[in-house]
>>> print(open('model_35.cif').read())   # mmCIF, C-alpha atoms
data_query
loop_
_atom_site.label_atom_id
_atom_site.label_comp_id
_atom_site.auth_asym_id
_atom_site.auth_seq_id
_atom_site.Cartn_x
_atom_site.Cartn_y
_atom_site.Cartn_z
CA MET P 22 47.70 -135.88 56.69
CA SER P 23 50.96 -134.51 55.32
CA TYR P 24 51.38 -130.96 54.11
CA GLN P 25 53.01 -130.72 50.69
CA PHE P 26 56.07 -128.57 50.00
CA THR P 27 57.66 -127.64 46.67
CA VAL P 28 60.06 -125.04 45.37
CA ASP P 29 60.44 -123.08 42.17
CA PRO P 30 61.95 -125.61 39.72
CA ASN P 31 65.17 -123.73 39.16
CA TYR P 32 65.97 -124.15 42.86
CA SER P 33 65.39 -127.87 43.01
CA GLY P 34 67.45 -128.22 39.84
CA LYS P 35 70.21 -126.23 41.48
CA ASN P 36 70.42 -127.94 44.84
CA LEU P 37 67.97 -130.76 45.27
CA PRO P 38 69.59 -132.42 48.34
CA GLY P 39 69.63 -129.06 50.12
CA TRP P 40 65.89 -128.65 49.67
CA TYR P 41 65.20 -132.16 50.99
CA LEU P 42 67.23 -131.15 54.06
CA MET P 43 65.17 -127.94 54.26
CA ASN P 44 62.03 -130.05 54.28
CA THR P 45 63.39 -132.17 57.13
CA TYR P 46 64.45 -129.07 59.08
CA LEU P 47 61.03 -127.41 58.73
CA GLN P 48 59.22 -130.65 59.55
CA ARG P 49 61.20 -131.25 62.73
CA ARG P 50 61.20 -127.66 63.99
CA LEU P 51 57.53 -127.07 63.25
CA GLY P 52 56.35 -130.50 64.33
CA LEU P 53 54.29 -130.75 61.16
CA PRO P 54 54.25 -133.61 58.66
CA LEU P 55 55.74 -132.12 55.49
CA ARG P 56 56.46 -133.87 52.21
CA PHE P 57 58.77 -132.36 49.62
CA THR P 58 58.13 -132.85 45.89
CA PRO P 59 60.36 -131.20 43.30
CA PHE P 60 59.37 -130.43 39.72
CA SER P 61 61.59 -130.04 36.72
CA THR P 62 59.63 -127.36 34.83
CA PHE P 63 57.70 -124.21 35.67
CA ASP P 64 54.52 -125.42 34.03
CA GLU P 65 54.47 -128.70 35.98
CA ALA P 66 55.07 -126.92 39.27
CA ARG P 67 52.51 -124.19 38.60
CA THR P 68 49.87 -126.68 37.49
CA ALA P 69 50.35 -128.83 40.59
CA VAL P 70 50.14 -125.86 42.95
CA MET P 71 47.13 -124.38 41.13
CA ALA P 72 45.39 -127.76 41.45
CA GLY P 73 45.49 -127.19 45.21
CA ASP P 74 47.98 -129.97 45.90
CA PHE P 75 50.54 -127.87 47.79
CA ASP P 76 50.63 -125.99 51.09
CA LEU P 77 54.12 -124.53 51.25
CA VAL P 78 55.79 -123.19 48.11
CA TYR P 79 59.03 -121.31 47.61
CA ALA P 80 57.69 -119.44 44.60
CA ASN P 81 59.00 -117.06 41.97
CA PRO P 82 57.45 -113.56 42.07
CA PHE P 83 54.75 -113.93 39.42
CA ASP P 84 53.72 -117.41 40.57
CA ALA P 85 53.54 -116.14 44.15
CA VAL P 86 51.13 -113.40 43.03
CA GLN P 87 48.93 -116.00 41.31
CA TYR P 88 48.89 -118.27 44.36
CA ILE P 89 48.02 -115.34 46.61
CA GLN P 90 45.27 -113.99 44.39
CA ARG P 91 43.71 -117.23 43.21
CA LEU P 92 44.32 -119.67 46.05
CA GLY P 93 44.46 -117.38 49.08
CA PHE P 94 48.13 -118.10 49.83
CA GLN P 95 50.14 -115.78 52.11
CA SER P 96 53.69 -114.71 51.32
CA LEU P 97 55.71 -115.00 54.54
CA ALA P 98 59.44 -114.62 53.96
CA LYS P 99 61.95 -113.75 51.25
CA PRO P 100 65.74 -114.00 50.99
CA ALA P 101 67.49 -111.21 52.91
CA GLU P 102 69.28 -108.58 50.81
CA HIS P 103 68.69 -110.55 47.67
CA PHE P 104 66.65 -109.94 44.53
CA ASP P 105 65.82 -111.72 41.30
CA GLU P 106 67.93 -110.45 38.42
CA VAL P 107 68.49 -111.55 34.86
CA LEU P 108 71.67 -112.42 33.07
CA LEU P 109 71.52 -112.05 29.32
CA ALA P 110 73.92 -114.79 28.28
CA SER P 111 75.43 -116.18 25.10
CA ASN P 112 77.66 -119.16 24.35
CA ALA P 113 81.20 -118.11 25.28
CA ASP P 114 82.63 -120.08 22.37
CA GLY P 115 80.14 -118.75 19.86
CA GLY P 116 81.76 -115.38 19.31
CA LEU P 117 78.67 -113.36 20.31
CA ARG P 118 80.07 -110.86 22.81
CA ASP P 119 77.70 -107.88 22.76
CA TYR P 120 74.43 -106.50 21.46
CA ALA P 121 76.04 -105.27 18.26
CA GLY P 122 76.93 -108.84 17.32
CA LEU P 123 73.34 -110.13 17.44
CA PRO P 124 72.06 -111.62 14.18
CA ALA P 125 69.09 -110.15 12.32
CA GLU P 126 66.85 -112.90 13.65
CA ILE P 127 67.70 -113.66 17.26
CA ARG P 128 67.03 -117.07 18.80
CA VAL P 129 66.23 -116.47 22.48
CA ALA P 130 66.06 -119.25 25.06
CA SER P 131 63.76 -118.45 27.96
CA ALA P 132 62.51 -120.77 30.71
CA SER P 133 58.94 -119.46 30.50
CA ASP P 134 57.22 -116.33 29.29
CA LYS P 135 55.16 -116.30 32.51
CA THR P 136 58.09 -115.24 34.68
CA LEU P 137 59.47 -111.94 35.83
CA ILE P 138 62.85 -113.07 34.51
CA HIS P 139 61.39 -113.18 31.00
CA MET P 140 59.87 -109.71 31.44
CA VAL P 141 63.12 -108.19 32.71
CA GLY P 142 65.06 -109.96 29.95
CA LEU P 143 62.81 -108.19 27.45
CA PHE P 144 63.47 -104.91 29.27
CA LEU P 145 67.22 -105.40 28.81
CA LEU P 146 66.74 -105.95 25.09
CA ASP P 147 64.40 -102.94 24.88
CA LYS P 148 66.96 -100.74 26.59
CA ALA P 149 69.55 -101.90 24.07
CA GLU P 150 67.02 -100.95 21.36
CA ILE P 151 66.69 -104.47 20.03
CA ASP P 152 63.44 -104.66 18.07
CA ARG P 153 61.21 -107.36 19.55
CA ALA P 154 60.19 -108.35 16.01
CA ARG P 155 63.68 -109.84 15.64
CA LEU P 156 63.18 -112.27 18.54
CA ARG P 157 62.33 -115.97 18.11
CA PHE P 158 61.69 -117.64 21.44
CA GLU P 159 62.37 -121.16 22.55
CA TYR P 160 60.77 -121.94 25.92
CA THR P 161 62.77 -124.53 27.82
CA GLY P 162 60.71 -124.90 31.02
CA SER P 163 63.71 -124.28 33.28
CA TYR P 164 66.86 -122.17 33.50
CA GLN P 165 68.96 -125.31 33.29
CA GLY P 166 67.23 -125.80 29.93
CA VAL P 167 68.19 -122.26 28.90
CA ILE P 168 71.85 -122.93 29.72
CA LYS P 169 71.71 -126.22 27.84
CA ALA P 170 70.22 -124.52 24.77
CA LEU P 171 73.02 -121.94 24.81
CA ILE P 172 75.77 -124.49 25.24
CA GLN P 173 74.33 -126.68 22.46
CA GLY P 174 74.15 -123.67 20.14
CA LYS P 175 70.36 -123.88 19.86
CA ALA P 176 69.95 -120.27 20.98
CA ASP P 177 71.91 -117.06 20.39
CA ILE P 178 71.05 -115.58 23.77
CA GLY P 179 69.24 -116.76 26.88
CA PHE P 180 67.50 -115.21 29.88
CA VAL P 181 69.25 -116.80 32.86
CA PHE P 182 68.17 -116.28 36.47
CA ASN P 183 71.13 -114.75 38.32
CA GLU P 184 71.07 -117.32 41.11
CA VAL P 185 71.23 -120.21 38.68
CA TYR P 186 74.21 -118.65 36.94
CA ASP P 187 75.97 -117.74 40.19
CA ALA P 188 75.48 -121.25 41.57
CA ALA P 189 76.55 -123.01 38.38
CA SER P 190 79.87 -124.85 38.27
CA ASP P 191 82.97 -123.10 36.94
CA VAL P 192 82.85 -125.41 33.92
CA ILE P 193 79.34 -124.23 33.02
CA ARG P 194 80.04 -120.56 33.72
CA ARG P 195 83.15 -120.64 31.52
CA ARG P 196 80.93 -121.79 28.65
CA LEU P 197 78.64 -118.76 29.03
CA HIS P 198 79.29 -115.12 28.32
CA ALA P 199 77.33 -112.37 30.07
CA ILE P 200 76.26 -109.77 27.51
CA ASP P 201 74.27 -107.82 30.07
CA ARG P 202 72.79 -108.10 33.55
CA SER P 203 69.83 -106.38 35.20
CA ASP P 204 70.27 -104.47 38.43
CA ASP P 205 66.70 -103.58 39.40
CA ALA P 206 66.63 -104.95 42.97
CA PHE P 207 62.86 -105.05 42.78
CA ALA P 208 61.42 -108.57 42.79
CA PHE P 209 62.03 -111.63 44.90
CA HIS P 210 61.11 -115.26 45.47
CA SER P 211 59.21 -115.97 48.66
CA PHE P 212 57.88 -118.73 50.88
CA CYS P 213 54.11 -118.85 50.47
CA ILE P 214 51.63 -120.91 52.47
CA SER P 215 48.15 -122.15 51.59
CA PRO P 216 45.10 -121.39 53.78
CA ARG P 217 45.44 -124.93 55.19
CA LEU P 218 48.66 -123.82 56.88
CA SER P 219 47.47 -120.37 57.91
CA GLU P 220 47.13 -121.28 61.59
CA HIS P 221 50.87 -122.04 61.53
CA ALA P 222 51.81 -118.86 59.64
CA GLU P 223 53.52 -117.13 62.55
CA ALA P 224 55.43 -120.26 63.56
CA ILE P 225 56.66 -120.79 59.99
CA ARG P 226 57.60 -117.13 59.53
CA GLY P 227 59.38 -117.09 62.90
CA LEU P 228 61.32 -120.23 62.07
CA LEU P 229 62.42 -118.95 58.66
CA LEU P 230 63.40 -115.51 59.98
CA GLY P 231 65.38 -117.05 62.83
CA MET P 232 67.31 -119.60 60.78
CA GLN P 233 70.58 -117.71 60.68
CA ALA P 234 70.62 -117.49 64.47
CA ASP P 235 70.31 -121.24 64.79
CA GLU P 236 73.39 -123.43 64.18
CA ALA P 237 71.60 -126.07 62.10
CA GLY P 238 69.57 -123.40 60.33
CA ALA P 239 72.68 -121.40 59.46
CA ARG P 240 74.35 -124.52 58.00
CA LEU P 241 71.27 -125.22 55.94
CA LEU P 242 71.10 -121.65 54.67
CA GLU P 243 74.67 -122.00 53.48
CA ASP P 244 73.75 -125.26 51.73
CA ILE P 245 70.89 -123.70 49.82
CA GLY P 246 72.76 -120.47 49.17
CA PHE P 247 71.04 -117.82 51.30
CA LYS P 248 72.23 -115.40 53.99
CA GLY P 249 68.90 -115.57 55.75
CA PHE P 250 65.26 -114.72 55.29
CA GLU P 251 63.29 -111.59 56.10
CA ALA P 252 59.60 -110.77 56.32
CA VAL P 253 57.60 -109.78 53.25
CA SER P 254 55.44 -106.68 53.62
CA GLN P 255 51.95 -106.24 52.26
CA GLU P 256 53.17 -103.22 50.27
CA GLU P 257 55.83 -105.30 48.53
CA ILE P 258 53.24 -107.87 47.53
CA GLU P 259 50.97 -105.10 46.23
CA CYS P 260 53.82 -103.78 44.05
CA LEU P 261 54.55 -107.23 42.65
CA SER P 262 50.84 -107.85 42.09
CA THR P 263 50.49 -104.63 40.11
CA LEU P 264 53.56 -105.54 38.07
CA ALA P 265 52.28 -109.06 37.38
CA GLU P 266 48.80 -107.84 36.48
CA GLU P 267 50.19 -105.29 34.04
CA TYR P 268 52.46 -107.88 32.47
CA VAL P 269 49.75 -110.52 32.16
CA SER P 270 47.25 -108.03 30.78
CA GLY P 271 49.68 -106.99 28.06
CA HIS P 272 49.80 -103.46 29.40
CA GLU P 273 52.70 -102.57 27.15
CA ALA P 274 50.46 -102.78 24.12
CA ILE P 275 48.31 -99.88 25.29
CA ASP P 276 48.36 -96.99 22.89
CA LEU P 277 48.91 -94.02 25.13
CA ALA P 278 47.97 -91.56 22.42
CA SER P 279 44.38 -92.65 22.82
CA THR P 280 44.42 -92.77 26.62
CA SER P 281 46.30 -89.63 27.55
CA SER P 282 45.32 -86.04 26.99
CA ILE P 283 48.92 -84.88 26.72
CA ALA P 284 49.19 -82.39 23.90
CA LEU P 285 51.47 -84.54 21.80
CA ASP P 286 51.62 -83.85 18.13
CA ALA P 287 50.86 -86.57 15.60
CA SER P 288 54.51 -87.55 15.24
CA ALA P 289 54.71 -88.48 18.90
CA PHE P 290 52.93 -91.80 18.71
CA VAL P 291 53.32 -93.43 22.06
CA ILE P 292 53.13 -97.04 23.12
CA ALA P 293 53.06 -97.75 26.83
CA ARG P 294 54.67 -94.46 27.71
CA GLU P 295 57.36 -95.02 25.14
CA ASP P 296 57.61 -93.68 21.66
CA GLU P 297 57.45 -96.37 19.04
CA ALA P 298 60.03 -94.60 16.98
CA VAL P 299 61.94 -91.41 17.43
CA MET B 14 62.43 -71.17 45.54
CA LYS B 15 59.70 -73.00 47.36
CA PHE B 16 59.76 -76.78 47.02
CA MET B 17 57.28 -78.02 44.39
CA SER B 18 56.57 -74.48 43.18
CA PRO B 19 56.25 -74.00 39.40
CA GLU B 20 59.55 -72.06 39.43
CA TRP B 21 61.34 -74.84 41.26
CA MET B 22 59.90 -77.45 38.88
CA SER B 23 61.08 -75.39 35.90
CA ALA B 24 64.59 -75.38 37.36
CA VAL B 25 64.35 -79.17 37.77
CA ALA B 26 63.31 -79.49 34.12
CA ARG B 27 66.22 -77.33 32.94
CA GLN B 28 68.63 -79.47 34.94
CA TRP B 29 66.96 -82.60 33.53
CA ASN B 30 67.54 -81.35 29.99
CA ALA B 31 71.18 -80.65 30.74
CA HIS B 32 71.72 -84.22 31.90
CA GLU B 33 73.07 -86.20 28.94
CA GLU B 34 72.62 -89.61 30.55
CA MET B 35 68.92 -88.89 31.13
CA GLN B 36 68.44 -87.85 27.51
CA SER B 37 70.11 -91.04 26.36
CA MET B 38 68.27 -93.43 28.69
CA LEU B 39 64.88 -91.86 28.06
CA LYS B 40 65.05 -91.13 24.36
CA ASN B 41 62.12 -93.50 23.76
CA PHE B 42 60.11 -92.23 26.70
CA SER B 43 57.29 -89.68 26.63
CA ALA B 44 54.89 -89.01 29.48
CA THR B 45 53.01 -86.52 31.58
CA ILE B 46 54.03 -86.63 35.23
CA GLU B 47 52.30 -84.87 38.12
CA TYR B 48 53.99 -84.29 41.47
CA GLY B 49 52.23 -83.48 44.70
CA ILE B 50 52.74 -83.20 48.44
CA GLU B 51 50.38 -85.58 50.20
CA ASP B 52 50.18 -83.79 53.53
CA ARG B 53 49.83 -80.37 51.90
CA PRO B 54 46.72 -80.60 49.75
CA ASP B 55 46.58 -76.80 49.78
CA ILE B 56 49.67 -76.66 47.55
CA HIS B 57 48.69 -77.00 43.92
CA PRO B 58 50.45 -79.96 42.20
CA VAL B 59 53.07 -79.29 39.56
CA MET B 60 53.55 -81.14 36.33
CA MET B 61 56.22 -82.01 33.81
CA PHE B 62 55.78 -83.21 30.23
CA VAL B 63 58.57 -85.35 28.86
CA LYS B 64 58.80 -85.96 25.16
CA SER B 65 61.45 -88.33 23.82
CA GLY B 66 63.41 -87.87 27.02
CA LYS B 67 63.31 -84.07 26.98
CA ALA B 68 61.30 -82.03 29.45
CA ILE B 69 59.08 -79.84 27.29
CA TYR B 70 56.89 -78.35 30.01
CA ALA B 71 57.23 -77.78 33.73
CA GLY B 72 54.72 -75.80 35.70
CA PRO B 73 51.38 -75.96 37.43
CA SER B 74 49.28 -79.06 36.83
CA ASP B 75 46.47 -78.03 34.52
CA GLY B 76 44.21 -81.03 34.94
CA ARG B 77 45.27 -82.83 31.77
CA GLY B 78 45.53 -86.60 31.66
CA ARG B 79 48.51 -87.79 33.62
CA ASP B 80 50.48 -90.93 32.88
CA PHE B 81 52.15 -90.91 36.26
CA ILE B 82 51.22 -89.26 39.54
CA ILE B 83 53.91 -89.17 42.18
CA SER B 84 53.06 -87.86 45.61
CA ALA B 85 54.58 -88.23 49.04
CA ARG B 86 54.54 -86.61 52.44
CA LEU B 87 56.90 -83.63 52.65
CA GLU B 88 59.32 -85.49 54.94
CA ASN B 89 59.47 -88.40 52.48
CA TRP B 90 60.10 -86.05 49.56
CA GLN B 91 63.05 -84.68 51.52
CA LYS B 92 64.40 -88.20 52.09
CA LEU B 93 63.84 -89.10 48.46
CA ILE B 94 65.58 -86.19 46.83
CA SER B 95 68.42 -86.12 49.37
CA GLY B 96 69.16 -89.75 48.51
CA ALA B 97 68.32 -90.98 52.02
CA MET B 98 65.60 -93.13 50.45
CA SER B 99 65.87 -94.68 46.98
CA GLY B 100 63.04 -94.47 44.49
CA LYS B 101 62.66 -98.24 44.61
CA VAL B 102 62.36 -98.32 48.40
CA GLY B 103 59.88 -95.45 48.25
CA LEU B 104 57.74 -97.35 45.76
CA MET B 105 57.98 -100.73 47.45
CA THR B 106 57.17 -99.36 50.90
CA LYS B 107 54.43 -97.07 49.57
CA ARG B 108 56.16 -94.06 51.10
CA ILE B 109 55.84 -92.72 47.58
CA ASN B 110 52.27 -92.81 46.38
CA PHE B 111 52.68 -93.82 42.76
CA LYS B 112 49.95 -94.06 40.16
CA GLY B 113 50.78 -95.28 36.69
CA SER B 114 52.44 -98.23 35.02
CA MET B 115 54.53 -100.16 37.52
CA MET B 116 56.22 -101.98 34.64
CA THR B 117 57.36 -98.70 33.19
CA ALA B 118 58.54 -97.55 36.62
CA MET B 119 60.58 -100.70 37.05
CA LYS B 120 62.01 -100.49 33.55
CA TYR B 121 63.11 -96.91 34.11
CA MET B 122 64.13 -97.18 37.77
CA THR B 123 67.66 -95.91 37.10
CA PRO B 124 66.53 -92.70 35.36
CA PHE B 125 63.82 -92.30 38.02
CA ASN B 126 66.50 -92.32 40.70
CA ILE B 127 68.56 -89.85 38.66
CA HIS B 128 65.44 -87.67 38.38
CA MET B 129 65.14 -87.67 42.16
CA SER B 130 68.81 -86.82 42.45
CA ILE B 131 68.37 -83.93 39.99
CA MET B 132 65.53 -82.65 42.18
CA GLY B 133 67.96 -82.79 45.09
CA GLU B 134 70.45 -80.63 43.18
CA ILE B 135 67.98 -77.75 42.93
CA PRO B 136 68.00 -75.68 46.14
CA ALA B 137 64.56 -75.70 47.71
CA ASP B 138 62.87 -74.01 50.60
CA PHE B 139 60.90 -76.73 52.33
CA ASP B 140 59.06 -74.24 54.51
CA VAL B 141 56.07 -74.35 52.22
#
>>> encode(input="model_35.cif", output="structure tokens")
Amino acid sequence: MSYQFTVDPNYSGKNLPGWYLMNTYLQRRLGLPLRFTPFSTFDEARTAVMAGDFDLVYANPFDAVQYIQRLGFQSLAKPAEHFDEVLLASNADGGLRDYAGLPAEIRVASASDKTLIHMVGLFLLDKAEIDRARLRFEYTGSYQGVIKALIQGKADIGFVFNEVYDAASDVIRRRLHAIDRSDDAFAFHSFCISPRLSEHAEAIRGLLLGMQADEAGARLLEDIGFKGFEAVSQEEIECLSTLAEEYVSGHEAIDLASTSSIALDASAFVIAREDEAV
Amino acid sequence: MKFMSPEWMSAVARQWNAHEEMQSMLKNFSATIEYGIEDRPDIHPVMMFVKSGKAIYAGPSDGRGRDFIISARLENWQKLISGAMSGKVGLMTKRINFKGSMMTAMKYMTPFNIHMSIMGEIPADFDV
């Protein structure tokens, strides 16, 4: 029986050969039969993993939380000194350079609304005081799709995962303009294993954490664009779980005026710890 | 002033209100925040009310509903407000015990760190 391995779609889209090499490396070093299958969209990947077809997944933060909570996965390792951030991008040739230039109705390309990148993208717009009622979303299934939508002029702005932007070719990057960029250093992708692989958890974690000290491992890390991997703590997973649960449950819609006993006057209507209007 | 005393918290609030960047970043933010020292349950928690980014009350916690509760061991408070530990690291490692919306905490991580730095600017006697 082979164990099945997949990665978050934006990674396989970014460097597919590198991830096939990663599969070979893990298979040989662990002495386990491992089969790599890439997916082109978030929904396809998530559906396949949720169906119980996969044992090792390099997952984005919110998917990782789902796999842990619903399928009993364990999160073992994350990229060292590296976090998921969002680039709010526009078409460089389109003349949209900053928030002030956004049209009344804003076409936003996003890979999926079920990702942390989407949530943080919304945060950036909130901080710039862009009314969410102005947003019209187009979900592209992948970050490559977001970039394509921007370049083709089908969207005014797009939520682009920082790694996808940073790893894009100069030609692509020249066609995009960064209006804003998050700097939260909070969430991360991680290698997660199913209960079927749990007896090999320590071996897998040890192999991933030791890659940079191994010549072949270090070469491979360079290929797939990482400095190395480090262990994930239970506390970090708890933080991400809380974040994901709040996001999924639509926490932001809570009317704080009815849940808090703060002596706010009637003019201080509060939504999710934020005033609706000041 | 003793750390986490009502007087000290009032000084923090005054400094908060003098910080233009905080006012700007938090102009859409209102909340009640309670602060406590985990390993000193004998010290009564203090509280701050923030309305549209401005601190409108700082003093003893009076048992009202709290949107956020932030507590930590005394040594971790010292690390936090001296800048030796960032707010994010404190949250992610649970060295800060945080109750409230994690989404809001993440969204306002920069002002949260500035808040901690403001606390560090107010001289405090940690021999509490």
>>> resolve_selection(input="model_35.cif", expression="the PyMOL selection byres ((chain B and resi 62) around 9)", output="ChimeraX atom specification")
/P:283 /B:43-47,60-61,63-64,67-71
>>> write_last_selection(input="model_35.cif", atoms="C-alpha atoms", output="PDB file, keeping the file's coordinate frame")
ATOM      1  CA  ILE P 283      48.920 -84.880  26.720  1.00  0.00           C
TER       2      ILE P 283
ATOM      3  CA  SER B  43      57.290 -89.680  26.630  1.00  0.00           C
ATOM      4  CA  ALA B  44      54.890 -89.010  29.480  1.00  0.00           C
ATOM      5  CA  THR B  45      53.010 -86.520  31.580  1.00  0.00           C
ATOM      6  CA  ILE B  46      54.030 -86.630  35.230  1.00  0.00           C
ATOM      7  CA  GLU B  47      52.300 -84.870  38.120  1.00  0.00           C
ATOM      8  CA  MET B  60      53.550 -81.140  36.330  1.00  0.00           C
ATOM      9  CA  MET B  61      56.220 -82.010  33.810  1.00  0.00           C
ATOM     10  CA  VAL B  63      58.570 -85.350  28.860  1.00  0.00           C
ATOM     11  CA  LYS B  64      58.800 -85.960  25.160  1.00  0.00           C
ATOM     12  CA  LYS B  67      63.310 -84.070  26.980  1.00  0.00           C
ATOM     13  CA  ALA B  68      61.300 -82.030  29.450  1.00  0.00           C
ATOM     14  CA  ILE B  69      59.080 -79.840  27.290  1.00  0.00           C
ATOM     15  CA  TYR B  70      56.890 -78.350  30.010  1.00  0.00           C
ATOM     16  CA  ALA B  71      57.230 -77.780  33.730  1.00  0.00           C
TER      17      ALA B  71
END
>>> residues_around(input="model_35.cif", residues="Tyr164 of chain P", least_positions_apart="5", cutoff="7 Å", atoms="all atoms listed in the file", output="list in words")
Asn31, Ala132, Val181 and Phe182 of chain P
>>> interface_residues(input="model_35.cif", of="chain B", to="chain P", cutoff="6 Å", atoms="all atoms listed in the file", output="list in words")
Asn41, Phe42, Ser43, Ala44, Arg77, Gly78, Met105, Thr106, Met115 and Met116 of chain B
>>> resolve_selection(input="model_35.cif", expression="the PyMOL selection byres ((chain B and resi 17) around 9)", output="PyMOL selection string")
chain B and resi 14-16+18-22+48-50+56-59+137+139+141
>>> atom_distance(input="model_35.cif", atom1="atom CA of Gln25 of chain P", atom2="atom CA of Asp105 of chain P")
24.8 Å
>>> resolve_selection(input="model_35.cif", expression="the PyMOL selection byres ((chain P and resi 156) around 9)", output="list in words")
Ala125, Glu126, Ile127, Arg128, Val129, Ile151, Asp152, Arg153, Ala154, Arg155, Arg157 and Phe158 of chain P
>>> residues_around(input="model_35.cif", residues="Lys169 of chain P", least_positions_apart="2", cutoff="12 Å", atoms="all atoms listed in the file", output="PyMOL selection string")
chain P and resi 110-112+130-132+159-167+171-181+193-194+196-197
>>> atom_distance(input="model_35.cif", atom1="atom CA of Ile131 of chain B", atom2="atom CA of Met35 of chain B")
10.2 Å
>>> atom_distance(input="model_35.cif", atom1="atom CA of Phe212 of chain P", atom2="atom CA of Val107 of chain P")
20.5 Å
>>> residues_near_point(input="model_35.cif", point="(71.7, -91.3, 45.2)", cutoff="12 Å", atoms="all atoms listed in the file", output="ChimeraX atom specification")
/B:92-101,123-134
>>> residues_around(input="model_35.cif", residues="Thr136 of chain P", least_positions_apart="4", cutoff="8 Å", atoms="all atoms listed in the file", output="VMD selection string")
chain P and resid 81 to 84 140
>>> residues_near_point(input="model_35.cif", point="(60.9, -127.1, 38.6)", cutoff="9 Å", atoms="all atoms listed in the file", output="ChimeraX atom specification")
/P:27-34,59-67,162-163
>>> closest_residue(input="model_35.cif", among="P:Leu53, P:Ile168, P:Trp40, P:His198", to="Asp114 of chain P", atoms="only C-alpha atoms")
P:His198
>>> axis_aligned_box(input="model_35.cif", around="segment 71-78 of chain B", padding_each_side="8 Å", output="AutoDock Vina command-line options")
--center_x 50.7 --center_y -81.2 --center_z 34.5 --size_x 29.0 --size_y 26.8 --size_z 21.8
